[in-house]
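Below is one structure; the comments refer to it alone.
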Amino acid sequence: MNLKTLRYFVAVAESGSLTAAAAAIPIAQPALTRQMRDLESETGVQLLQRLPRGVRLTQAGVTLYESAQRILSEAARLDRRLAHSQQRDLVPVVVGASPTLARLLLPGLFEKSIAAISNLELRAREAFTPELIDWLERGMIDVAVLTNPEPGHALSFQPLLGEPFALVSHAQMGIGPVVSVSQLARIPLLMTSLHRGLVDRQLASLGKSLKVQAEIDSVDSIREMVLRGRWATIMPVSVFREHLHQEPVVMSEISGVQLNRLLVLATRLDPRPNPSLSVVHDLVMAEFARMERQGTFSFASAHVGPA
């Protein structure tokens, strides 16, 4: 069994016809038929059920088809990386991320990029979603992780994951591990304008509101002020996770409503020629998958309450 045979098999499976697959590949139909018979002989199972018009996958054929897709996808990714590694003049890839995500994504992404392509020049810029969208559309960055982007942009969006918001406070404020949506109106909050807008829209349908004492578009400043004990904030759970074992911080789940943000990977529909972009795109996806498995974006493994 080799990659060419697997490609032939996938073509037959997806077209449902040896004739159609032979025309699309292209290859002479008798040769394609012989390839499929040899494949069945090699695997020792019937993969295709011959019908009066076309073919249909057997159960074993379905199993091989699913595996073949994964194998061919990985082979294509490997081909891209090997091809990139031979290029001397690679175009730099500029990645954009929000302040809440940059510190989580970029360290691992840079390490993996260096391992994948030794001479790749990876750059990063940090901003909130509206500015990242503007930079993408103007060609100042090549790929960005966005939060709940508005429709109507000439960009390609690929959803990454949904992340819940948490109420984060200093332990001395005496807020428990669960707070009701009605209590939010009595808790003094500091929020970024982006997060406030997202939460306000999700609370509007319930007729609820927040007690926001100040909008501060600096995640680090809000974090520092919350740690001083006078204010709380509503932010994605990943923002304060590292502080839960180091500071007297309480991360409270908000009951009565599901507050969350959607993280999306965005690129231009007509990107500039950049042979490294597809690799970086795959590495960003892999890094988010790794962090999601570790529970970075969920309450599941969070320590609730002061350390």
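Each chain in the structure tokens gets a letter, A, B and so on, in the order shown; residues start at 1 in every chain, and ligands are counted from 1 in the order they appear.
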
Which residues of stretch 118-175 of chain A have any atom within 9 Å of an atom in stretch 252-263 of chain A when counting only C-alpha atoms, and what is the closest pair of atoms for each, with the distance in Å to one decimal? Order the rows by chain and rising number and write it as JSON lines.
```
{"residue": "A:Val145", "atom": "CA", "partner": "A:Leu263", "partner_atom": "CA", "distance": 6.6}
{"residue": "A:Leu146", "atom": "CA", "partner": "A:Leu263", "partner_atom": "CA", "distance": 5.7}
{"residue": "A:Thr147", "atom": "CA", "partner": "A:Leu263", "partner_atom": "CA", "distance": 4.9}
{"residue": "A:Asn148", "atom": "CA", "partner": "A:Leu262", "partner_atom": "CA", "distance": 5.2}
{"residue": "A:Pro149", "atom": "CA", "partner": "A:Leu262", "partner_atom": "CA", "distance": 8.5}
{"residue": "A:Gln158", "atom": "CA", "partner": "A:Leu263", "partner_atom": "CA", "distance": 8.8}
{"residue": "A:Pro159", "atom": "CA", "partner": "A:Leu263", "partner_atom": "CA", "distance": 6.2}
{"residue": "A:Leu160", "atom": "CA", "partner": "A:Leu263", "partner_atom": "CA", "distance": 5.5}
{"residue": "A:Leu161", "atom": "CA", "partner": "A:Leu263", "partner_atom": "CA", "distance": 5.5}
{"residue": "A:Gly162", "atom": "CA", "partner": "A:Leu262", "partner_atom": "CA", "distance": 4.5}
{"residue": "A:Glu163", "atom": "CA", "partner": "A:Asn260", "partner_atom": "CA", "distance": 5.3}
{"residue": "A:Pro164", "atom": "CA", "partner": "A:Asn260", "partner_atom": "CA", "distance": 4.0}
{"residue": "A:Phe165", "atom": "CA", "partner": "A:Asn260", "partner_atom": "CA", "distance": 5.1}
{"residue": "A:Ala166", "atom": "CA", "partner": "A:Glu253", "partner_atom": "CA", "distance": 5.5}
{"residue": "A:Leu167", "atom": "CA", "partner": "A:Ser252", "partner_atom": "CA", "distance": 5.1}
{"residue": "A:Val168", "atom": "CA", "partner": "A:Ser252", "partner_atom": "CA", "distance": 6.2}
{"residue": "A:Ser169", "atom": "CA", "partner": "A:Ser252", "partner_atom": "CA", "distance": 8.1}
{"residue": "A:Ile175", "atom": "CA", "partner": "A:Ser252", "partner_atom": "CA", "distance": 7.7}
```

> Skipping near chain neighbours, those fewer than 4 positions away, what residues fall within 10 Å of A:Met173 using only C-alpha atoms, listed as a PyMOL selection string?
Replying inline: chain A and resi 169+187+229-232+249-250

Just to be explicit: take each residue in the selection above, keep all heavy atoms, and write the result as an mmCIF file, in the first residue's frame.
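And here is the file that came out, selection.cif:
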```cif
data_model
loop_
_atom_site.group_PDB
_atom_site.id
_atom_site.type_symbol
_atom_site.label_atom_id
_atom_site.label_comp_id
_atom_site.auth_asym_id
_atom_site.auth_seq_id
_atom_site.Cartn_x
_atom_site.Cartn_y
_atom_site.Cartn_z
ATOM 1 N N SER A 169 -12.121 37.953 41.503
ATOM 2 C CA SER A 169 -12.037 38.928 42.580
ATOM 3 C C SER A 169 -10.948 38.542 43.561
ATOM 4 O O SER A 169 -10.455 37.411 43.564
ATOM 5 C CB SER A 169 -13.381 39.024 43.316
ATOM 6 O OG SER A 169 -13.712 37.769 43.900
ATOM 7 N N ILE A 187 -21.644 44.319 42.176
ATOM 8 C CA ILE A 187 -20.209 44.101 42.344
ATOM 9 C C ILE A 187 -19.442 45.124 41.510
ATOM 10 O O ILE A 187 -19.656 45.221 40.295
ATOM 11 C CB ILE A 187 -19.824 42.669 41.905
ATOM 12 C CG1 ILE A 187 -20.561 41.639 42.772
ATOM 13 C CG2 ILE A 187 -18.315 42.466 42.004
ATOM 14 C CD1 ILE A 187 -20.374 40.206 42.320
ATOM 15 N N GLY A 229 -7.449 44.221 45.503
ATOM 16 C CA GLY A 229 -8.552 43.863 46.389
ATOM 17 C C GLY A 229 -9.774 44.741 46.411
ATOM 18 O O GLY A 229 -10.735 44.436 47.121
ATOM 19 N N ARG A 230 -9.836 45.815 45.618
ATOM 20 C CA ARG A 230 -10.998 46.710 45.692
ATOM 21 C C ARG A 230 -12.014 46.463 44.589
ATOM 22 O O ARG A 230 -13.166 46.868 44.706
ATOM 23 C CB ARG A 230 -10.544 48.169 45.619
ATOM 24 C CG ARG A 230 -9.754 48.627 46.833
ATOM 25 C CD ARG A 230 -9.431 50.109 46.728
ATOM 26 N NE ARG A 230 -10.633 50.919 46.555
ATOM 27 C CZ ARG A 230 -10.607 52.229 46.278
ATOM 28 N NH1 ARG A 230 -9.440 52.853 46.120
ATOM 29 N NH2 ARG A 230 -11.730 52.909 46.143
ATOM 30 N N TRP A 231 -11.591 45.834 43.518
ATOM 31 C CA TRP A 231 -12.474 45.633 42.377
ATOM 32 C C TRP A 231 -12.424 44.176 41.911
ATOM 33 O O TRP A 231 -11.465 43.453 42.179
ATOM 34 C CB TRP A 231 -12.054 46.525 41.206
ATOM 35 C CG TRP A 231 -12.043 47.978 41.515
ATOM 36 C CD1 TRP A 231 -13.098 48.853 41.465
ATOM 37 C CD2 TRP A 231 -10.906 48.761 41.907
ATOM 38 N NE1 TRP A 231 -12.694 50.121 41.802
ATOM 39 C CE2 TRP A 231 -11.344 50.100 42.085
ATOM 40 C CE3 TRP A 231 -9.560 48.476 42.134
ATOM 41 C CZ2 TRP A 231 -10.509 51.134 42.471
ATOM 42 C CZ3 TRP A 231 -8.718 49.500 42.516
ATOM 43 C CH2 TRP A 231 -9.182 50.816 42.687
ATOM 44 N N ALA A 232 -13.451 43.820 41.170
ATOM 45 C CA ALA A 232 -13.488 42.522 40.496
ATOM 46 C C ALA A 232 -13.501 42.786 38.993
ATOM 47 O O ALA A 232 -13.561 43.936 38.541
ATOM 48 C CB ALA A 232 -14.717 41.732 40.917
ATOM 49 N N VAL A 249 -6.785 34.874 44.936
ATOM 50 C CA VAL A 249 -7.762 35.189 43.899
ATOM 51 C C VAL A 249 -8.875 34.156 43.905
ATOM 52 O O VAL A 249 -8.633 32.959 44.070
ATOM 53 C CB VAL A 249 -7.081 35.219 42.509
ATOM 54 C CG1 VAL A 249 -8.112 35.317 41.395
ATOM 55 C CG2 VAL A 249 -6.112 36.380 42.439
ATOM 56 N N VAL A 250 -10.099 34.615 43.711
ATOM 57 C CA VAL A 250 -11.258 33.725 43.594
ATOM 58 C C VAL A 250 -11.800 33.829 42.168
ATOM 59 O O VAL A 250 -12.069 34.933 41.688
ATOM 60 C CB VAL A 250 -12.367 34.108 44.589
ATOM 61 C CG1 VAL A 250 -13.592 33.211 44.384
ATOM 62 C CG2 VAL A 250 -11.863 33.982 46.020
#
```

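Each of A:Met235, A:Leu104, A:Val45, A:Ala289 was compared to A:Met251 using only C-alpha atoms, and A:Met235 turns out to be the nearest.
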
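Each of A:Gly174, A:Ser67, A:Val264, A:Ala60 was checked against A:Glu150 using only C-alpha atoms; the smallest atom-to-atom distance is that of A:Val264.
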
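Comparing A:Pro30, A:Ala22, A:Leu6, A:Gln35 by their smallest distance to A:Ala75, the closest is A:Leu6 (using only C-alpha atoms).
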
> Which of stretch 91-294 of chain A counts as helix (DSSP H, G or I) under DSSP, as a PyMOL selection string please?
Replying inline: chain A and resi 99-116+129-137+171-173+181-186+193-204+219-227+237-239+241-243+277-293

>> With distances taken over only C-alpha atoms, which residue among A:Arg201, A:Thr63, A:Ala127, A:Lys208 lies nearest A:Ser180?
In response: A:Lys208

>> Given only C-alpha atoms as the basis, pick out the residue of A:Gln213, A:Ser113, A:Ser193, A:Gln172 nearest to A:His281.
In response: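 For A:His281, the nearest of the given residues is A:Ser113.
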
> Hey, what does DSSP flag as strand (DSSP E) within stretch 130-281 of chain A? Can you give it to me as a ChimeraX atom specification?
Replying inline: /A:143-147,155-170,178-180,189-191,212-215,233-236,249-255,260-268

> Counting only C-alpha atoms, what is within 10 Å of A:Gln46, bar same-chain residues fewer than 2 positions away, as a list of chain:residue names?
Replying inline: A:Met36, A:Arg37, A:Leu39, A:Glu40, A:Ser41, A:Thr43, A:Gly44, A:Leu48, A:Gln49, A:Leu57, A:Thr58, A:Gln59, A:Ala60, A:Gly61

>> Quick check, in Å to one decimal: how far apart do atom CA of A:Val239 and atom CA of A:Thr100 lie?
In response: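 The value is 5.9 Å.
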
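Checking A:Glu215, A:Asp220, A:Glu42, A:Asp142 one by one against A:Phe240, counting only C-alpha atoms, you find the shortest gap at A:Asp220.
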